Amino acid sequence: MREGEAMPVVVYFSRAQENLVDGSMQNLVTGNTQCLAEKIACQLNCSTYALEPVAPYPRRYKETLIRAELEKGKQLLPEIKALPHDFSDESVIFLGFPTWWSSYPLVIDSFLKQLLLTEKQLYPFCTHEGSGFGESLIVLKKRYPTACVKVGLPVRGSRVMKADEAVKNWLRHYYCEKERK
Ligand SMILES: Cc1cc2nc3c(=O)[nH]c(=O)nc-3n(C[C@H](O)[C@H](O)[C@H](O)COP(=O)(O)O)c2cc1C
């Protein structure tokens with residue numbers, strides 16, 4: 001780190017408990033995206049912040065599917081708990097989420113809408129069950145045209161524990177960019 005240089009941060013949303021992993025229902029103690037977020041933060045040696053909706057998503061997978069579909073269809077942004085950090089000084093945010101209904105959960109919008117995104121670099125990462133990012137990157141770029149959305153890292157939920165090498169390779173994009181400045 002150069003003197004005066006701001007550290008990146010990892011901000012993510014993840015929902016543990018009942019979920020589909022490789023097509024079968026499992027009870028996750030730690031959410032897949034949280035596992036990935038922690039691996040990224042460990043390699044970057046930076047802090048993580050978990051986004052939490054004020055009204056938690058149901059434990060049951062199918063009930064969560066229904067709520068997420070309704071939120072997506074009607075663009076209902078869930079209220080999120082305040083984070084113990086002001087992100088105005090960070091220029092780089094690693095932003096993680098599970099793919100929901102081929103996009104990102106609206107909790108992410110609840111967070112991004114609070115920020116002044118001009119000149120902020122967003123490095124998106126997601127976990128999924130086969131759709132990759134789906135339309136998430138297109139939607140992010142469209143909704144936040146002043147942000148600089150960088151190359152993303154999609155990881156299948158069932159492979160998250162083996163993602164260290166993929167994370168390392170992906171972070172090269174960030175380090176290259178940093179060197180150029
Ligand atoms: C409401 C909901 C919708 C989902 N929609 C998709 C989808 O469209 N495509 C996909 O590949 N996986 C989908 N999934 C699976 C999750 O993306 C996957 O299990 C992810 O790893 C969960 O991450 P988490 O444990 O951090 O919440 C969905 C899961 C939920 C709960």
# chains A, B, ... in the order shown; residues from 1 in each chain; ligands from 1

call {"tool": "residues_near_ligand", "arguments": {"ligand": "ligand 1", "cutoff": "6 Å", "atoms": "only C-alpha atoms and all ligand atoms", "output": "PyMOL selection string"}}
result
chain A and resi 14-16+19-21+31-34+61+64-65+68+98-102+127-132+157

call {"tool": "select_by_dssp", "arguments": {"residues": "range 69-122 of chain A", "states": "strand (DSSP E or B)", "output": "ChimeraX atom specification"}}
result
/A:80,92-98,100,103,121-122

call {"tool": "residues_around", "arguments": {"residues": "Leu137 in chain A", "least_positions_apart": "2", "cutoff": "9 Å", "atoms": "only C-alpha atoms", "output": "count of residues only"}}
result
12

call {"tool": "closest_residue", "arguments": {"among": "A:Gln75, A:Ser47, A:Ser136, A:Ser91", "to": "Ser110 in chain A", "atoms": "only C-alpha atoms"}}
result
A:Gln75

call {"tool": "residues_around", "arguments": {"residues": "Tyr144 in chain A", "least_positions_apart": "5", "cutoff": "12 Å", "atoms": "only C-alpha atoms", "output": "number ranges by chain"}}
result
A: 108-109, 112-122, 136-139, 149

call {"tool": "residues_around", "arguments": {"residues": "Val11 in chain A", "least_positions_apart": "3", "cutoff": "6 Å", "atoms": "only C-alpha atoms", "output": "JSON, numbers by chain"}}
result
{"A": [48, 49, 50, 95]}

call {"tool": "closest_residue", "arguments": {"among": "A:Leu44, A:Met25, A:Met161, A:Tyr12", "to": "Phe111 in chain A", "atoms": "only C-alpha atoms"}}
result
A:Tyr12

call {"tool": "residues_around", "arguments": {"residues": "Cys42 in chain A", "least_positions_apart": "3", "cutoff": "12 Å", "atoms": "only C-alpha atoms", "output": "ChimeraX atom specification"}}
result
/A:8-10,35-39,45-48,164,167-168,171

call {"tool": "closest_residue", "arguments": {"among": "A:Glu63, A:Glu165, A:Glu177, A:Asp89", "to": "Val151 in chain A", "atoms": "only C-alpha atoms"}}
result
A:Glu177

call {"tool": "select_by_dssp", "arguments": {"residues": "range 3-147 of chain A", "states": "helix (DSSP H, G or I)", "output": "ChimeraX atom specification"}}
result
/A:32-44,61-74,87-89,107-112,136-143

call {"tool": "atom_distance", "arguments": {"atom1": "CA of Tyr175 in chain A", "atom2": "CA of Ala6 in chain A"}}
result
13.7 Å

call {"tool": "residues_around", "arguments": {"residues": "Cys126 in chain A", "least_positions_apart": "3", "cutoff": "6 Å", "atoms": "only C-alpha atoms", "output": "number ranges by chain"}}
result
A: 96-98, 154

call {"tool": "closest_residue", "arguments": {"among": "A:Arg67, A:Lys150, A:Lys162, A:Arg143", "to": "Phe125 in chain A", "atoms": "only C-alpha atoms"}}
result
A:Lys150

call {"tool": "closest_residue", "arguments": {"among": "A:Arg180, A:Glu52, A:Ala41, A:Ser158", "to": "Gln26 in chain A", "atoms": "only C-alpha atoms"}}
result
A:Ser158

call {"tool": "closest_residue", "arguments": {"among": "A:Ala147, A:Ile66, A:Ala55, A:Val92", "to": "Pro78 in chain A", "atoms": "only C-alpha atoms"}}
result
A:Ala55

call {"tool": "decode", "arguments": {"residues": "range 135-151 of chain A", "atoms": "N, CA and C atoms", "output": "JSON list (two decimals), in the first residue's frame"}}
result
[["chain", "number", "residue", "atom", "x", "y", "z"],
["A", 135, "GLU", "N", -28.17, -11.44, -15.62],
["A", 135, "GLU", "CA", -28.17, -10.08, -16.17],
["A", 135, "GLU", "C", -27.61, -9.04, -15.19],
["A", 136, "SER", "N", -27.05, -9.53, -14.07],
["A", 136, "SER", "CA", -26.63, -8.60, -13.00],
["A", 136, "SER", "C", -25.69, -7.49, -13.49],
["A", 137, "LEU", "N", -24.69, -7.85, -14.30],
["A", 137, "LEU", "CA", -23.71, -6.83, -14.68],
["A", 137, "LEU", "C", -24.33, -5.79, -15.61],
["A", 138, "ILE", "N", -25.21, -6.26, -16.47],
["A", 138, "ILE", "CA", -25.89, -5.33, -17.39],
["A", 138, "ILE", "C", -26.75, -4.36, -16.57],
["A", 139, "VAL", "N", -27.49, -4.91, -15.60],
["A", 139, "VAL", "CA", -28.38, -4.09, -14.77],
["A", 139, "VAL", "C", -27.54, -3.10, -13.95],
["A", 140, "LEU", "N", -26.46, -3.58, -13.37],
["A", 140, "LEU", "CA", -25.60, -2.69, -12.55],
["A", 140, "LEU", "C", -25.11, -1.49, -13.38],
["A", 141, "LYS", "N", -24.61, -1.82, -14.58],
["A", 141, "LYS", "CA", -24.05, -0.75, -15.43],
["A", 141, "LYS", "C", -25.14, 0.24, -15.85],
["A", 142, "LYS", "N", -26.33, -0.29, -16.10],
["A", 142, "LYS", "CA", -27.44, 0.57, -16.54],
["A", 142, "LYS", "C", -27.93, 1.45, -15.38],
["A", 143, "ARG", "N", -28.07, 0.85, -14.20],
["A", 143, "ARG", "CA", -28.62, 1.61, -13.07],
["A", 143, "ARG", "C", -27.61, 2.59, -12.46],
["A", 144, "TYR", "N", -26.33, 2.28, -12.60],
["A", 144, "TYR", "CA", -25.31, 3.12, -11.95],
["A", 144, "TYR", "C", -24.27, 3.55, -12.98],
["A", 145, "PRO", "N", -24.69, 4.40, -13.93],
["A", 145, "PRO", "CA", -23.78, 4.74, -15.03],
["A", 145, "PRO", "C", -22.55, 5.52, -14.59],
["A", 146, "THR", "N", -22.58, 6.12, -13.41],
["A", 146, "THR", "CA", -21.39, 6.88, -12.98],
["A", 146, "THR", "C", -20.37, 5.99, -12.27],
["A", 147, "ALA", "N", -20.77, 4.78, -11.94],
["A", 147, "ALA", "CA", -19.82, 3.85, -11.31],
["A", 147, "ALA", "C", -19.00, 3.17, -12.41],
["A", 148, "CYS", "N", -17.83, 2.69, -12.04],
["A", 148, "CYS", "CA", -17.02, 1.97, -13.01],
["A", 148, "CYS", "C", -17.09, 0.48, -12.64],
["A", 149, "VAL", "N", -17.92, -0.26, -13.37],
["A", 149, "VAL", "CA", -18.12, -1.68, -13.06],
["A", 149, "VAL", "C", -17.02, -2.49, -13.76],
["A", 150, "LYS", "N", -16.20, -3.12, -12.94],
["A", 150, "LYS", "CA", -15.04, -3.85, -13.45],
["A", 150, "LYS", "C", -15.39, -5.30, -13.75],
["A", 151, "VAL", "N", -14.38, -6.06, -14.16],
["A", 151, "VAL", "CA", -14.60, -7.48, -14.47],
["A", 151, "VAL", "C", -15.04, -8.22, -13.20]]
